[in-house]
There are 2 protein chains.
Amino acid sequence: MKENGRTEREALFDVLAAGIVCHLGVIVDGHPMVVPTVYGFDREHLYVHGSVASRSLTAGTLACATITVVDGLVLARSVFEHGVNYRCAMIYGVPRPVVDDQEKLAGLRLLTEHVTPGQWEYARQPSRKELAATTLLALPLAEASVKIRTGPPDDGDGPDAALEVWAGELPLATGWQHPVPDPVLPPSVPLPAHIAARAGTRLG
Amino acid sequence: MKENGRTEREALFDVLAAGIVCHLGVIVDGHPMVVPTVYGFDREHLYVHGSVASRSLTAGTLACATITVVDGLVLARSVFEHGVNYRCAMIYGVPRPVVDDQEKLAGLRLLTEHVTPGQWEYARQPSRKELAATTLLALPLAEASVKIRTGPPDDGDGPDAALEVWAGELPLATGWQHPVPDPVLPPSVPLPAHIAARAGTRLG
């Protein structure tokens, strides 16, 4: 894929930046299992929390991590031509449990900063014990594909275009709402700027 | 799970009603593959478009369909206690290609009406040829699990509660935006009420 001068590699990082949860597919006892989990990434790896999926990873089997951003519905004249505008990245690879403390800290930092920019320096960072209790997986980004659909339905130039049926897109947008303090939080603790600034902004 | 008088079965249907895309995990040539696809459902089955996944289904192998609604971030005092508020349904079963025309029409209607209520009667319904060209899969809802997390972080009653760190939830909401007409749509075709009424409402 090379569209408007953007490479598939650049499109991959755009989708990774736009999403917040990936769906990780692994094989457990011969059966597929798909679990949602937050992620972080750099230019080489996708980092995911491995608590749920880790029991399947001893064999070093392949996994598939899919990140999907739904941008809206494609409403056509015919039901048959209906579809979805979306951006989707699929990453295939053998997830590697991260064991080195420095790499684990770096991966957790990427994950935290992807989900909530500014939070790594603000919240209390993992202790040695917490770090040991955290399972982090690194999935190489070497094998990935990106699929993107945008724009109006495809039946505007066919016979159905003569029908008196409205056609177009119904966009979908996801946005951050106002933060809700923990009921037991002392009122003296201020809302930090990096969280306050997010309310009202869009994800993706 | 039985919480506040709701059974896990009722929670399953709540999550199915709240989502719009499922992530379908199948095994292709021994490797897991996770593809996003829209779905519909009744009390017995999840119906999904099978175009992408169908090549793996000849063997009648198991699939896992996961529907996830992300409700927000759980921001704790420590990075370790961070999490996500979400509702997730995982359905395990052997997808059956729907071959009977009446069942296929009924399944497509469920799918269309779940994604865009009112659209099945409004748009042109599938012709015989289109119906034959559509792959629809029925996944039994007999084996399913639901996971839900709500509420504030869990470190409000531990030693970290003494830290001067803001903690709480950062909710995420997804909403329908204003419809965008197909550029080639004649201006004389009005926007139908069932689409117009959706703009500004929330998904899930």
# chains A, B, ... in the order shown; residues from 1 in each chain; ligands from 1
$ select_by_dssp --residues "range 1-178 of chain B" --states "helix (DSSP H, G or I)" --output "VMD selection string"
chain B and resid 8 to 18 54 to 56 79 to 81 101 to 115 119 to 122 128 to 132 159 to 162
$ write_last_selection --atoms "C-alpha atoms" --output "PDB file, in the first residue's frame"
ATOM      1  CA  GLU B   8     -24.403 -13.225  33.235  1.00  0.00           C
ATOM      2  CA  ARG B   9     -26.809 -13.985  30.381  1.00  0.00           C
ATOM      3  CA  GLU B  10     -28.403 -10.555  30.664  1.00  0.00           C
ATOM      4  CA  ALA B  11     -24.970  -8.951  30.911  1.00  0.00           C
ATOM      5  CA  LEU B  12     -23.973 -10.736  27.696  1.00  0.00           C
ATOM      6  CA  PHE B  13     -26.878  -9.227  25.788  1.00  0.00           C
ATOM      7  CA  ASP B  14     -26.170  -5.803  27.266  1.00  0.00           C
ATOM      8  CA  VAL B  15     -22.598  -5.923  25.955  1.00  0.00           C
ATOM      9  CA  LEU B  16     -23.733  -7.219  22.563  1.00  0.00           C
ATOM     10  CA  ALA B  17     -26.242  -4.371  22.348  1.00  0.00           C
ATOM     11  CA  ALA B  18     -23.613  -1.808  23.343  1.00  0.00           C
ATOM     12  CA  SER B  54     -14.473 -17.915   5.761  1.00  0.00           C
ATOM     13  CA  ARG B  55     -11.385 -19.490   4.248  1.00  0.00           C
ATOM     14  CA  SER B  56     -10.506 -20.950   7.625  1.00  0.00           C
ATOM     15  CA  VAL B  79       1.301   2.967  37.623  1.00  0.00           C
ATOM     16  CA  PHE B  80       0.922  -0.633  38.759  1.00  0.00           C
ATOM     17  CA  GLU B  81      -2.741  -0.151  39.703  1.00  0.00           C
ATOM     18  CA  ASP B 101     -31.876 -18.256   2.215  1.00  0.00           C
ATOM     19  CA  GLN B 102     -34.523 -17.425   4.800  1.00  0.00           C
ATOM     20  CA  GLU B 103     -32.108 -17.772   7.704  1.00  0.00           C
ATOM     21  CA  LYS B 104     -29.531 -15.738   5.797  1.00  0.00           C
ATOM     22  CA  LEU B 105     -32.022 -12.951   5.180  1.00  0.00           C
ATOM     23  CA  ALA B 106     -33.077 -13.021   8.830  1.00  0.00           C
ATOM     24  CA  GLY B 107     -29.442 -12.932   9.972  1.00  0.00           C
ATOM     25  CA  LEU B 108     -28.547 -10.060   7.653  1.00  0.00           C
ATOM     26  CA  ARG B 109     -31.576  -8.195   8.897  1.00  0.00           C
ATOM     27  CA  LEU B 110     -30.421  -8.634  12.510  1.00  0.00           C
ATOM     28  CA  LEU B 111     -26.941  -7.460  11.546  1.00  0.00           C
ATOM     29  CA  THR B 112     -28.199  -4.428   9.612  1.00  0.00           C
ATOM     30  CA  GLU B 113     -30.698  -3.456  12.296  1.00  0.00           C
ATOM     31  CA  HIS B 114     -28.104  -3.767  15.042  1.00  0.00           C
ATOM     32  CA  VAL B 115     -25.677  -1.501  13.214  1.00  0.00           C
ATOM     33  CA  GLN B 119     -32.102   0.691   7.680  1.00  0.00           C
ATOM     34  CA  TRP B 120     -33.339  -2.772   6.641  1.00  0.00           C
ATOM     35  CA  GLU B 121     -36.773  -1.510   5.643  1.00  0.00           C
ATOM     36  CA  TYR B 122     -35.372   1.735   4.227  1.00  0.00           C
ATOM     37  CA  ARG B 128     -31.167 -13.273  -4.900  1.00  0.00           C
ATOM     38  CA  LYS B 129     -27.736 -12.856  -6.512  1.00  0.00           C
ATOM     39  CA  GLU B 130     -26.439 -10.601  -3.742  1.00  0.00           C
ATOM     40  CA  LEU B 131     -27.721 -13.001  -1.129  1.00  0.00           C
ATOM     41  CA  ALA B 132     -25.811 -15.849  -2.772  1.00  0.00           C
ATOM     42  CA  PRO B 159      -0.419   3.256  51.620  1.00  0.00           C
ATOM     43  CA  ASP B 160      -0.398   5.023  48.217  1.00  0.00           C
ATOM     44  CA  ALA B 161      -3.556   6.909  49.206  1.00  0.00           C
ATOM     45  CA  ALA B 162      -1.301   9.233  51.214  1.00  0.00           C
TER      46      ALA B 162
END
$ interface_residues --of "chain B" --to "chain A" --cutoff "6 Å" --atoms "only C-alpha atoms" --output "VMD selection string"
chain B and resid 25 to 26 32 to 34 63 to 64 77 to 80 123 to 126 152 164 166 to 177 179 to 182 189 191
$ atom_distance --atom1 "CA of Val94 in chain B" --atom2 "CA of Pro140 in chain B"
7.5 Å
$ residues_around --residues "range 42-49 of chain A" --least-positions-apart "4" --cutoff "6 Å" --atoms "only C-alpha atoms" --output "MDAnalysis selection string"
chainID A and resid 136:141
$ atom_distance --atom1 "CA of Gly40 in chain B" --atom2 "CA of Pro117 in chain B"
11.1 Å
$ select_by_dssp --residues "range 37-194 of chain B" --states "strand (DSSP E or B)" --output "PyMOL selection string"
chain B and resi 37-41+45-49+63-75+78+83-93+96-97+124+136-140+143-149+168-176+180-181
$ decode --residues "range 11-27 of chain B" --atoms "all heavy atoms" --output "PDB file, in the first residue's frame"
ATOM      1  N   ALA B  11     -26.150  -9.792  31.132  1.00  0.00           N
ATOM      2  CA  ALA B  11     -24.970  -8.951  30.911  1.00  0.00           C
ATOM      3  C   ALA B  11     -24.411  -9.183  29.510  1.00  0.00           C
ATOM      4  O   ALA B  11     -23.970  -8.244  28.838  1.00  0.00           O
ATOM      5  CB  ALA B  11     -23.909  -9.252  31.969  1.00  0.00           C
ATOM      6  N   LEU B  12     -24.443 -10.433  29.052  1.00  0.00           N
ATOM      7  CA  LEU B  12     -23.973 -10.736  27.696  1.00  0.00           C
ATOM      8  C   LEU B  12     -24.754  -9.933  26.665  1.00  0.00           C
ATOM      9  O   LEU B  12     -24.166  -9.286  25.794  1.00  0.00           O
ATOM     10  CB  LEU B  12     -24.111 -12.240  27.425  1.00  0.00           C
ATOM     11  CG  LEU B  12     -23.905 -12.690  25.975  1.00  0.00           C
ATOM     12  CD1 LEU B  12     -22.472 -12.445  25.516  1.00  0.00           C
ATOM     13  CD2 LEU B  12     -24.268 -14.174  25.803  1.00  0.00           C
ATOM     14  N   PHE B  13     -26.071  -9.940  26.778  1.00  0.00           N
ATOM     15  CA  PHE B  13     -26.878  -9.227  25.788  1.00  0.00           C
ATOM     16  C   PHE B  13     -26.706  -7.716  25.898  1.00  0.00           C
ATOM     17  O   PHE B  13     -26.779  -7.003  24.902  1.00  0.00           O
ATOM     18  CB  PHE B  13     -28.340  -9.666  25.884  1.00  0.00           C
ATOM     19  CG  PHE B  13     -28.546 -11.073  25.380  1.00  0.00           C
ATOM     20  CD1 PHE B  13     -28.899 -12.100  26.252  1.00  0.00           C
ATOM     21  CD2 PHE B  13     -28.339 -11.378  24.041  1.00  0.00           C
ATOM     22  CE1 PHE B  13     -29.059 -13.394  25.788  1.00  0.00           C
ATOM     23  CE2 PHE B  13     -28.498 -12.679  23.573  1.00  0.00           C
ATOM     24  CZ  PHE B  13     -28.859 -13.695  24.441  1.00  0.00           C
ATOM     25  N   ASP B  14     -26.453  -7.226  27.107  1.00  0.00           N
ATOM     26  CA  ASP B  14     -26.170  -5.803  27.266  1.00  0.00           C
ATOM     27  C   ASP B  14     -24.892  -5.408  26.510  1.00  0.00           C
ATOM     28  O   ASP B  14     -24.850  -4.380  25.835  1.00  0.00           O
ATOM     29  CB  ASP B  14     -25.992  -5.448  28.752  1.00  0.00           C
ATOM     30  CG  ASP B  14     -27.320  -5.421  29.495  1.00  0.00           C
ATOM     31  OD1 ASP B  14     -28.375  -5.521  28.843  1.00  0.00           O
ATOM     32  OD2 ASP B  14     -27.295  -5.306  30.736  1.00  0.00           O
ATOM     33  N   VAL B  15     -23.859  -6.238  26.641  1.00  0.00           N
ATOM     34  CA  VAL B  15     -22.598  -5.923  25.955  1.00  0.00           C
ATOM     35  C   VAL B  15     -22.788  -6.032  24.436  1.00  0.00           C
ATOM     36  O   VAL B  15     -22.323  -5.179  23.676  1.00  0.00           O
ATOM     37  CB  VAL B  15     -21.457  -6.850  26.427  1.00  0.00           C
ATOM     38  CG1 VAL B  15     -20.190  -6.602  25.612  1.00  0.00           C
ATOM     39  CG2 VAL B  15     -21.175  -6.632  27.909  1.00  0.00           C
ATOM     40  N   LEU B  16     -23.491  -7.070  24.003  1.00  0.00           N
ATOM     41  CA  LEU B  16     -23.733  -7.219  22.563  1.00  0.00           C
ATOM     42  C   LEU B  16     -24.508  -6.012  22.020  1.00  0.00           C
ATOM     43  O   LEU B  16     -24.240  -5.539  20.912  1.00  0.00           O
ATOM     44  CB  LEU B  16     -24.509  -8.506  22.283  1.00  0.00           C
ATOM     45  CG  LEU B  16     -23.767  -9.808  22.543  1.00  0.00           C
ATOM     46  CD1 LEU B  16     -24.641 -11.009  22.187  1.00  0.00           C
ATOM     47  CD2 LEU B  16     -22.475  -9.867  21.735  1.00  0.00           C
ATOM     48  N   ALA B  17     -25.461  -5.521  22.805  1.00  0.00           N
ATOM     49  CA  ALA B  17     -26.242  -4.371  22.348  1.00  0.00           C
ATOM     50  C   ALA B  17     -25.397  -3.100  22.325  1.00  0.00           C
ATOM     51  O   ALA B  17     -25.620  -2.214  21.496  1.00  0.00           O
ATOM     52  CB  ALA B  17     -27.458  -4.169  23.255  1.00  0.00           C
ATOM     53  N   ALA B  18     -24.413  -3.028  23.216  1.00  0.00           N
ATOM     54  CA  ALA B  18     -23.613  -1.808  23.343  1.00  0.00           C
ATOM     55  C   ALA B  18     -22.519  -1.691  22.285  1.00  0.00           C
ATOM     56  O   ALA B  18     -22.137  -0.596  21.900  1.00  0.00           O
ATOM     57  CB  ALA B  18     -22.981  -1.738  24.734  1.00  0.00           C
ATOM     58  N   GLY B  19     -22.015  -2.819  21.816  1.00  0.00           N
ATOM     59  CA  GLY B  19     -20.925  -2.794  20.847  1.00  0.00           C
ATOM     60  C   GLY B  19     -21.404  -2.653  19.423  1.00  0.00           C
ATOM     61  O   GLY B  19     -22.610  -2.678  19.141  1.00  0.00           O
ATOM     62  N   ILE B  20     -20.457  -2.494  18.515  1.00  0.00           N
ATOM     63  CA  ILE B  20     -20.848  -2.419  17.104  1.00  0.00           C
ATOM     64  C   ILE B  20     -19.933  -3.280  16.235  1.00  0.00           C
ATOM     65  O   ILE B  20     -20.339  -3.749  15.180  1.00  0.00           O
ATOM     66  CB  ILE B  20     -20.882  -0.950  16.610  1.00  0.00           C
ATOM     67  CG1 ILE B  20     -21.692  -0.854  15.322  1.00  0.00           C
ATOM     68  CG2 ILE B  20     -19.486  -0.368  16.411  1.00  0.00           C
ATOM     69  CD1 ILE B  20     -22.372   0.462  15.132  1.00  0.00           C
ATOM     70  N   VAL B  21     -18.724  -3.514  16.683  1.00  0.00           N
ATOM     71  CA  VAL B  21     -17.772  -4.345  15.954  1.00  0.00           C
ATOM     72  C   VAL B  21     -17.283  -5.434  16.898  1.00  0.00           C
ATOM     73  O   VAL B  21     -17.018  -5.171  18.073  1.00  0.00           O
ATOM     74  CB  VAL B  21     -16.577  -3.506  15.451  1.00  0.00           C
ATOM     75  CG1 VAL B  21     -15.393  -4.369  15.090  1.00  0.00           C
ATOM     76  CG2 VAL B  21     -16.989  -2.639  14.260  1.00  0.00           C
ATOM     77  N   CYS B  22     -17.187  -6.661  16.400  1.00  0.00           N
ATOM     78  CA  CYS B  22     -16.549  -7.707  17.190  1.00  0.00           C
ATOM     79  C   CYS B  22     -15.192  -8.023  16.573  1.00  0.00           C
ATOM     80  O   CYS B  22     -14.930  -7.703  15.415  1.00  0.00           O
ATOM     81  CB  CYS B  22     -17.416  -8.970  17.265  1.00  0.00           C
ATOM     82  SG  CYS B  22     -17.450  -9.986  15.781  1.00  0.00           S
ATOM     83  N   HIS B  23     -14.322  -8.605  17.372  1.00  0.00           N
ATOM     84  CA  HIS B  23     -13.049  -9.095  16.852  1.00  0.00           C
ATOM     85  C   HIS B  23     -13.114 -10.612  16.837  1.00  0.00           C
ATOM     86  O   HIS B  23     -13.222 -11.248  17.880  1.00  0.00           O
ATOM     87  CB  HIS B  23     -11.879  -8.575  17.690  1.00  0.00           C
ATOM     88  CG  HIS B  23     -11.509  -7.171  17.325  1.00  0.00           C
ATOM     89  ND1 HIS B  23     -12.204  -6.070  17.795  1.00  0.00           N
ATOM     90  CD2 HIS B  23     -10.543  -6.679  16.490  1.00  0.00           C
ATOM     91  CE1 HIS B  23     -11.666  -4.966  17.272  1.00  0.00           C
ATOM     92  NE2 HIS B  23     -10.658  -5.300  16.493  1.00  0.00           N
ATOM     93  N   LEU B  24     -13.104 -11.139  15.624  1.00  0.00           N
ATOM     94  CA  LEU B  24     -13.287 -12.565  15.427  1.00  0.00           C
ATOM     95  C   LEU B  24     -11.921 -13.239  15.290  1.00  0.00           C
ATOM     96  O   LEU B  24     -11.145 -12.903  14.401  1.00  0.00           O
ATOM     97  CB  LEU B  24     -14.130 -12.799  14.172  1.00  0.00           C
ATOM     98  CG  LEU B  24     -14.504 -14.248  13.850  1.00  0.00           C
ATOM     99  CD1 LEU B  24     -15.482 -14.797  14.894  1.00  0.00           C
ATOM    100  CD2 LEU B  24     -15.121 -14.341  12.454  1.00  0.00           C
ATOM    101  N   GLY B  25     -11.657 -14.163  16.192  1.00  0.00           N
ATOM    102  CA  GLY B  25     -10.395 -14.896  16.160  1.00  0.00           C
ATOM    103  C   GLY B  25     -10.600 -16.288  15.594  1.00  0.00           C
ATOM    104  O   GLY B  25     -11.448 -17.032  16.077  1.00  0.00           O
ATOM    105  N   VAL B  26      -9.839 -16.609  14.579  1.00  0.00           N
ATOM    106  CA  VAL B  26      -9.888 -17.944  13.980  1.00  0.00           C
ATOM    107  C   VAL B  26      -8.456 -18.434  13.796  1.00  0.00           C
ATOM    108  O   VAL B  26      -7.496 -17.662  13.924  1.00  0.00           O
ATOM    109  CB  VAL B  26     -10.616 -17.930  12.614  1.00  0.00           C
ATOM    110  CG1 VAL B  26     -12.109 -17.644  12.806  1.00  0.00           C
ATOM    111  CG2 VAL B  26      -9.993 -16.915  11.672  1.00  0.00           C
ATOM    112  N   ILE B  27      -8.314 -19.710  13.507  1.00  0.00           N
ATOM    113  CA  ILE B  27      -6.988 -20.265  13.259  1.00  0.00           C
ATOM    114  C   ILE B  27      -6.868 -20.543  11.763  1.00  0.00           C
ATOM    115  O   ILE B  27      -7.677 -21.273  11.188  1.00  0.00           O
ATOM    116  CB  ILE B  27      -6.767 -21.555  14.069  1.00  0.00           C
ATOM    117  CG1 ILE B  27      -6.906 -21.247  15.573  1.00  0.00           C
ATOM    118  CG2 ILE B  27      -5.391 -22.149  13.781  1.00  0.00           C
ATOM    119  CD1 ILE B  27      -6.776 -22.474  16.470  1.00  0.00           C
TER     120      ILE B  27
END
